[in-house]
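Working notes, structure below.
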Amino acid sequence: MINYNPKEWFTFIFRLHKADTVRKLTPMFIALAAYAALVAYLELHVFKLSDNSHLKNISLMHGLLGFVISLLLVFRTNTAYDRWWEGRRQWGTLVNISRSLAIKLQAILPEGHPARHYFRTMIPNFAFSLKQHLRNQYHPGELELDTPHEFTQEKHVPNQVAAQMMRKVQELYKEGLLNGDHLIIINEEMRSFTDVCGACERIKNSPIPFSYSVFLKKFIFFYVMTLPLGYVFSVGYIIVPMIVFIFYVLASLELIAEEIEDPFGTDANDLPTDTICNNIRLHVQQVL
Amino acid sequence: MINYNPKEWFTFIFRLHKADTVRKLTPMFIALAAYAALVAYLELHVFKLSDNSHLKNISLMHGLLGFVISLLLVFRTNTAYDRWWEGRRQWGTLVNISRSLAIKLQAILPEGHPARHYFRTMIPNFAFSLKQHLRNQYHPGELELDTPHEFTQEKHVPNQVAAQMMRKVQELYKEGLLNGDHLIIINEEMRSFTDVCGACERIKNSPIPFSYSVFLKKFIFFYVMTLPLGYVFSVGYIIVPMIVFIFYVLASLELIAEEIEDPFGTDANDLPTDTICNNIRLHVQQVL
Amino acid sequence: MINYNPKEWFTFIFRLHKADTVRKLTPMFIALAAYAALVAYLELHVFKLSDNSHLKNISLMHGLLGFVISLLLVFRTNTAYDRWWEGRRQWGTLVNISRSLAIKLQAILPEGHPARHYFRTMIPNFAFSLKQHLRNQYHPGELELDTPHEFTQEKHVPNQVAAQMMRKVQELYKEGLLNGDHLIIINEEMRSFTDVCGACERIKNSPIPFSYSVFLKKFIFFYVMTLPLGYVFSVGYIIVPMIVFIFYVLASLELIAEEIEDPFGTDANDLPTDTICNNIRLHVQQVL
Amino acid sequence: MINYNPKEWFTFIFRLHKADTVRKLTPMFIALAAYAALVAYLELHVFKLSDNSHLKNISLMHGLLGFVISLLLVFRTNTAYDRWWEGRRQWGTLVNISRSLAIKLQAILPEGHPARHYFRTMIPNFAFSLKQHLRNQYHPGELELDTPHEFTQEKHVPNQVAAQMMRKVQELYKEGLLNGDHLIIINEEMRSFTDVCGACERIKNSPIPFSYSVFLKKFIFFYVMTLPLGYVFSVGYIIVPMIVFIFYVLASLELIAEEIEDPFGTDANDLPTDTICNNIRLHVQQVL
Amino acid sequence: MINYNPKEWFTFIFRLHKADTVRKLTPMFIALAAYAALVAYLELHVFKLSDNSHLKNISLMHGLLGFVISLLLVFRTNTAYDRWWEGRRQWGTLVNISRSLAIKLQAILPEGHPARHYFRTMIPNFAFSLKQHLRNQYHPGELELDTPHEFTQEKHVPNQVAAQMMRKVQELYKEGLLNGDHLIIINEEMRSFTDVCGACERIKNSPIPFSYSVFLKKFIFFYVMTLPLGYVFSVGYIIVPMIVFIFYVLASLELIAEEIEDPFGTDANDLPTDTICNNIRLHVQQVL
């Protein structure tokens with residue numbers, strides 16, 4: 001995620017950022033401009049269609065369907081944003097339960113007990129392993145492990161971390177360091193590790209239904225391709241920049257939606273999971 | 001569910017997928033094209049209505065109602081998508097509680113105890129039986145059962161599985177292998193099996209209210225059928241492709257909404273419940 | 001609720017269903033048609049207003065306000081649908097807690113104990129009494145009671161059922177059949193009976209705020225009544241079917257919203273509470 | 001809240017209700033009508049601007065901004081309605097927890113014990129004190145108190161009631177009438193009293209952000225004031241009723257939103273908190 | 001937050017408030033006015049483009065994209081408002097748990113016990129430290145501390161406060177003043193302190209995705225800059241006030257969204273966290 005000051009308006013407008021959709025769409029812009037120029041040339045100079053041509057009024061259709069395409073793009077934007085924001089909330093929950101578990105354990109476990117050290121390293125390890133898991137990676141180096149082969153990449157790593165912590169809790173319970181009341185009050189936090197992991201996997205693995213994705217792309221494509229047919233009569237060669245701008249607006253919304261829909265990668269708009277992981281480690285170590 | 005890379009734009013636009021609404025609507029396209037051509041022929045060549053005919057201005061109505069139809073289709077899209085997404089979240093919850101219960105039980109139950117084996121098979125069995133139940137099927141072969149007739153198809157199968165697991169938990173509690181604190185900390189997971197099942201049944205059995213469904217279809221039908229009456233004067237025979245495209249857009253939205261509204265089947269857009277079931281079995285077996 | 005196959009498009013379009021708004025609005029259609037014909041006759045033949053009359057341009061206002069009326073109707077549709085869907089979710093919760101309580105009790109209570117019989121009848125009784133309560137009825141015959149006068153219609157019946165079940169639970173607790181851990185794990189289910197009841201009463205007793213209801217009706221009325229004034233110049237007597245269709249669309253949305261807003265009755269669009277009650281009885285009897 | 005039958009359409013349209021925005025806006029209607037007539041007189045008769053005047057086309061701007069103003073008013077309507085509905089849900093929760101606590105206590109406390117009488121009066125007292133608190137009032141007469149000065153108006157009354165109930169619960173716990181399991185199962189209800197109170201205070205004290213309120217009013221004002229400048233050329237003196245109707249629609253939405261945003265007063269659209277309080281007392285007395 | 005009476009319409013319209021976007025946008029207004037005047041001068045007097053110029057019809061594009069820009073601004077407004085309102089709800093939760101914990105502790109802890117004094121000061125201290133933390137400040141003077149250096153600014157202060165309270169609770173538990181049942185019933189409140197803190201940090205640190213922010217600014221900029229090109233033919237020099245008004249509307253929505261998106265500062269629209277903190281201290285002191 002790019003950290004930016006949302007109030008610096010005008011630097012935004014003229015700089016081309018890495019994540020800017022202008023960059024990605026440039027080849028399309030050129031193709032579309034050529035296509036529009038060709039249509040204008042054919043209609044105005046080759047076929048010399050008069051202003052009364054029926055083709056001119058095809059733009060009535062573009063007016064009618066303008067609502068539908070706008071509303072669909074907003075639907076697309078909303079669903080993509082909701083996933084992004086739900087991903088953010090899940091990582092916020094991970095921060096909360098990591099801190100909360102650390103705060104509870106520091107109060108329950110005696111100062112200097114090895115179990116404190118254990119949770120001081122393992123709670124952040126869960127966050128790091130989840131981050132890697134969502135990127136289909138496993139880097140044991142980022143985790144603080146006693147032995148580098150404590151977890152195997154073949155199995156689901158965050159589950160292994162959660163299962164090991166759960167076993168540790170049961171051990172402490174059997175040793176009497178945690179009693180039944182303690183077990184009950186840390187249950188919510190212990191459960192939530194798995195919940196956060198499952199929710200993030202769900203967001204990652206469920207893009208918008210296939211049919212909507214196909215339909216929206218087909219719709220944008222035919223809408224933009226038929227635009228010059230009627231508008232050429234009204235605007236002449238001005239159709240060239242006009243169609244590029246209209247396509248820029250419509251396609252950008254679809255492109256941004258596609259990018260933020262899976263927010264756990266390393267794209268410019270993705271969630272700052274690296275920073276969040278480091279903060280979890282920092283805060284857990286401060287507390288525990 | 002079709003797994004697709006949402007970024008491959010242009011392969012989408014020209015290929016006809018199985019789930020593509022173009023396929024299903026083709027007969028309608030032909031009928032509508034014939035109807036529009038007939039209207040154009042009658043108005044322009046038989047009755048030779050002049051450009052000043054009052055019929056031309058009927059398109060004012062289509063402008064006015066264009067908002068309403070667009071907004072209604074978006075309402076339809078939103079409610080259908082919400083069901084699809086809620087179905088996805090319920091199956092996500094099933095993944096979470098299956099894992100979470102497995103993680104808790106592996107920590108509580110001693111290594112090698114037969115109850116571990118029991119839950120290793122029964123937790124995934126619940127997921128498989130729910131998947132089948134939502135498709136009105138029962139295939140005991142997919143479940144891992146000690147005896148093939150453990151559950152009877154006549155009764156609600158997922159309820160039988162949940163009830164048997166609950167009895168097992170109470171047995172272990174009476175044997176002292178689980179104590180009261182354990183009972184309380186696994187209660188949430190045990191309850192959620194039934195909740196997920198009920199929520200999925202609710203989504204499956206409650207399509208959008210009948211009146212909206214009827215109203216929307218009537219509205220689209222009369223809207224599209226009256227369109228050529230006025231537009232023929234402006235666009236001549238171009239009305240034929242134009243009306244097909246407009247109908248394609250409006251009807252596709254309704255069709256896709258109908259398909260994703262019940263997301264538990266085996267349609268192209270349905271949820272990947274088979275994959276989820278297999279993942280639950282895999283992860284539970286890794287952990288327990 | 002009418003069970004329908006949402007995919008049978010075209011039977012919908014031409015059949016008149018019981019719930020169809022066309023039926024209810026027919027008198028209004030006739031009145032409006034007469035009114036529009038009168039306006040057309042007066043403007044075109046009596047006053048012979050010319051095409052340049054200022055009255056013609058009153059339709060500018062209808063364009064401007066077209067957005068507002070569309071968006072308001074969608075707001076109305078959304079809020080009504082949300083109540084319907086929340087009602088559905090509450091009854092889904094009732095199904096879940098009924099099953100879940102039955103599943104827990106069959107595991108805890110010994111086979112053949114009279115308390116099992118008690119809950120086997122009382123859990124479904126709650127659902128039936130709630131269904132009747134939401135329709136302002138009380139039919140003890142539908143409940144399975146030991147004595148027909150166990151509950152009195154004068155007091156809130158679902159509360160009496162819930163209170164009696166709670167007393168039974170406390171009795172079993174005092175007898176030692178349920179211990180403290182059991183009490184805690186069935187607490188959530190016991191509470192939820194009252195929550196579902198309260199939520200359904202809330203939906204039933206809170207239609208959309210009075211001012212919105214009045215405002216929307218006034219708005220639709222004046223919008224439709226002033227429509228012919230300007231449109232007559234453009235469309236002549238075609239205004240008659242046109243205004244009927246526009247009114248059909250706008251008024252249908254308001255009518256459907258009014259109907260589904262209170263989803264607990266026996267209207268065509270109401271929730272299938274009878275079926276749900278029977279399913280609860282069936283499933284509880286299968287389990288317990 | 002006015003109890004009304006939402007299906008009696010046409011009585012609504014012509015009667016002027018107390019809450020009707022027509023009433024409140026009448027002075028504005030007159031002022032606007034005079035203003036529009038003056039503009040029409042000046043443009044048509046004093047300056048005799050021709051139909052080709054550039055001023056005529058200022059209405060292009062009104063078309064462009066028509067979307068924005070409509071969407072903003074719907075945003076305003078949605079947020080105001082959400083507060084109203086959240087307020088309603090909070091009071092629904094208060095009903096639920098009052099009943100649920102009464103149902104639990106009647107099962108736990110022995111028949112005839114003075115604590116039953118205590119909660120029979122104090123649970124409804126909380127509802128009444130909250131209702132008064134949200135109207136910045138305190139009428140001990142409405143509460144059932146042993147001594148009229150049990151609570152002091154200087155301190156937060158609902159907090160005092162909740163605190164006293166909590167002390168009573170702890171007393172009963174120390175006396176052994178409630179044991180630890182009971183304490184845990186009534187904990188949720190005891191907590192929720194404070195939650196409902198806090199949520200209602202939040203809704204009451206947080207109107208929509210100041211900037212939106214100012215912006216929307218400025219926008220409506222300038223939009224309506226500039227409307228006649230261009231439209232006079234098209235509609236002549238018909239601008240007078242037209243502008244009144246447009247202003248009626250736009251301003252009504254803002255006015256209704258302002259009224260329902262704080263739903264705890266005694267306005268026509270406010271929540272029926274008096275009735276709810278009485279129902280809580282009735283139902284608690286029936287049960288306990 | 002400015003406390004205002006939302007019903008005083010017309011004072012709003014003409015006064016310039018500190019938070020008013022008119023103030024911030026004035027330099028832009030002047031620049032845009034000059035730009036529009038220049039365009040009008042060039043097109044009308046220098047190049048003397050005729051009314052049939054193709055440039056005139058560029059405004060067709062502005063009509064088409066008018067929907068998209070309106071819907072995007074509403075999307076922006078909704079997401080910003082949702083953050084503001086979620087921030088408000090989190091602080092409402094903080095009020096609730098502070099009161100609820102105080103109410104529980106006053107019932108459990110004996111009158112005059114030093115732990116009562118401890119929580120009477122520390123519960124409000126959490127609120128004050130969170131308020132400061134969200135503004136990147138630390139003023140120990142605002143907190144009621146035994147020693148000014150009890151907490152260090154280097155570490156996360158709200159976490160330190162929460163951790164110290166949790167240690168106090170465990171101490172009281174070991175001393176037997178709180179028993180296991182007590183521990184369980186105050187667990188929810190203890191956890192929620194950390195949850196509220198995490199949620200507020202999440203809102204503060206996650207503005208809307210970068211790409212949307214850039215895209216929306218670029219879109220508004222090009223939309224407004226190209227507006228005069230076509231409209232000059234229709235409205236002449238009236239384009240100057242017209243473009244200022246259109247820009248005022250579009251840019252205000254973006255500006256307000258930017259301001260309320262981070263609601264924890266001291267801007268005019270920010271949440272009244274100072275008042276809330278003082279209320280928490282007042283109410284906790286009244287109760288405990």
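FYI, nothing fancy with the structure tokens labels: chains A, B, ... in order, residues from 1 per chain, ligands from 1 as they appear.
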*Write out as a count of residues only all residues of segment 73-235 of chain A that DSSP puts in helix (DSSP H, G or I) for this structure's backbone.*
131
Closest pair table for chain E residues within 12 Å of chain B, only C-alpha atoms, as JSON lines:
{"residue": "E:Phe67", "atom": "CA", "partner": "B:Phe67", "partner_atom": "CA", "distance": 10.9}
{"residue": "E:Gly180", "atom": "CA", "partner": "B:Asp181", "partner_atom": "CA", "distance": 11.8}
{"residue": "E:Ile184", "atom": "CA", "partner": "B:Asp181", "partner_atom": "CA", "distance": 11.9}
Keeping only N, CA, C and O atoms, write the selected residues as a PDB file, in the first residue's frame.
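Saved as result22.pdb:
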ATOM      1  N   PHE E  67     -23.346  10.571 -15.063  1.00  0.00           N
ATOM      2  CA  PHE E  67     -23.763   9.503 -14.147  1.00  0.00           C
ATOM      3  C   PHE E  67     -22.591   8.940 -13.380  1.00  0.00           C
ATOM      4  O   PHE E  67     -22.647   8.760 -12.179  1.00  0.00           O
ATOM      5  N   GLY E 180     -13.735 -16.851  40.126  1.00  0.00           N
ATOM      6  CA  GLY E 180     -13.738 -17.269  38.724  1.00  0.00           C
ATOM      7  C   GLY E 180     -14.963 -16.788  37.972  1.00  0.00           C
ATOM      8  O   GLY E 180     -14.863 -16.356  36.809  1.00  0.00           O
ATOM      9  N   ILE E 184     -15.040 -14.292  34.604  1.00  0.00           N
ATOM     10  CA  ILE E 184     -15.692 -14.587  33.332  1.00  0.00           C
ATOM     11  C   ILE E 184     -16.657 -13.463  32.954  1.00  0.00           C
ATOM     12  O   ILE E 184     -16.718 -13.063  31.789  1.00  0.00           O
TER      13      ILE E 184
END
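For Tyr138 of chain E, the residues within 9 Å (counting only C-alpha atoms, excluding itself and residues fewer than 5 positions away along the chain) are Ser129, Gln132, His133, Gln153 and Val157 of chain E.
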Include N, CA and C atoms and write out the residues we just selected as a compact mmCIF listing (two decimals), in the first residue's frame.
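Writing the result to again-v9.txt gives the following:
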# COMPACT_ATOMS: atom_id res chain seq x y z
N SER E 129 -5.97 8.27 27.13
CA SER E 129 -4.74 7.87 26.44
C SER E 129 -5.04 7.45 25.01
N GLN E 132 -5.41 10.63 22.91
CA GLN E 132 -4.10 11.22 22.60
C GLN E 132 -3.34 10.37 21.59
N HIS E 133 -3.41 9.04 21.80
CA HIS E 133 -2.70 8.14 20.90
C HIS E 133 -3.16 8.32 19.45
N GLN E 153 5.99 7.12 26.94
CA GLN E 153 5.50 7.48 25.61
C GLN E 153 6.11 6.62 24.53
N VAL E 157 0.86 3.56 24.49
CA VAL E 157 0.31 3.90 25.81
C VAL E 157 -1.01 3.18 26.11
*For Val161 of chain D, which residue among D:Ile185, D:Ile220, D:Leu25, D:Met190 is the nearest when counting only C-alpha atoms?*
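The closest residue to Val161 of chain D is D:Met190.
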Which polymer residues have any atom within 7 Å of an atom of segment 101-111 of chain D, counting only C-alpha atoms, with same-chain residues fewer than 6 positions away left out, as an mmCIF file with C-alpha atoms, in the first residue's frame?
data_model
loop_
_atom_site.group_PDB
_atom_site.id
_atom_site.type_symbol
_atom_site.label_atom_id
_atom_site.label_comp_id
_atom_site.auth_asym_id
_atom_site.auth_seq_id
_atom_site.Cartn_x
_atom_site.Cartn_y
_atom_site.Cartn_z
ATOM 1 C CA ALA C 163 -40.865 -19.092 30.589
ATOM 2 C CA MET C 166 -36.850 -22.036 31.360
ATOM 3 C CA ARG C 167 -38.545 -23.329 34.546
ATOM 4 C CA GLN C 170 -34.010 -24.968 36.206
ATOM 5 C CA ILE D 186 -27.678 -13.615 33.212
ATOM 6 C CA GLU D 189 -28.710 -9.392 29.800
ATOM 7 C CA VAL D 284 -42.363 -8.354 32.743
ATOM 8 C CA VAL D 287 -43.839 -13.305 33.517
ATOM 9 C CA LEU D 288 -42.197 -12.515 36.843
#
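Contact shell of Glu144 of chain D at 8 Å (only C-alpha atoms; same-chain neighbours under 5 positions omitted): Thr121, Met122 and Asn125 of chain D.
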Could those selected residues go to a file with N, CA, C and O atoms, as an mmCIF file, in the first residue's frame?
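New file part.cif:
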data_model
loop_
_atom_site.group_PDB
_atom_site.id
_atom_site.type_symbol
_atom_site.label_atom_id
_atom_site.label_comp_id
_atom_site.auth_asym_id
_atom_site.auth_seq_id
_atom_site.Cartn_x
_atom_site.Cartn_y
_atom_site.Cartn_z
ATOM 1 N N THR D 121 -40.292 -4.573 39.336
ATOM 2 C CA THR D 121 -40.421 -3.110 39.219
ATOM 3 C C THR D 121 -39.197 -2.480 38.567
ATOM 4 O O THR D 121 -39.317 -1.541 37.784
ATOM 5 N N MET D 122 -37.996 -3.011 38.836
ATOM 6 C CA MET D 122 -36.794 -2.314 38.372
ATOM 7 C C MET D 122 -36.509 -2.513 36.880
ATOM 8 O O MET D 122 -35.963 -1.620 36.229
ATOM 9 N N ASN D 125 -38.455 -0.048 35.215
ATOM 10 C CA ASN D 125 -37.932 1.276 35.594
ATOM 11 C C ASN D 125 -36.773 1.685 34.697
ATOM 12 O O ASN D 125 -36.628 2.866 34.362
#
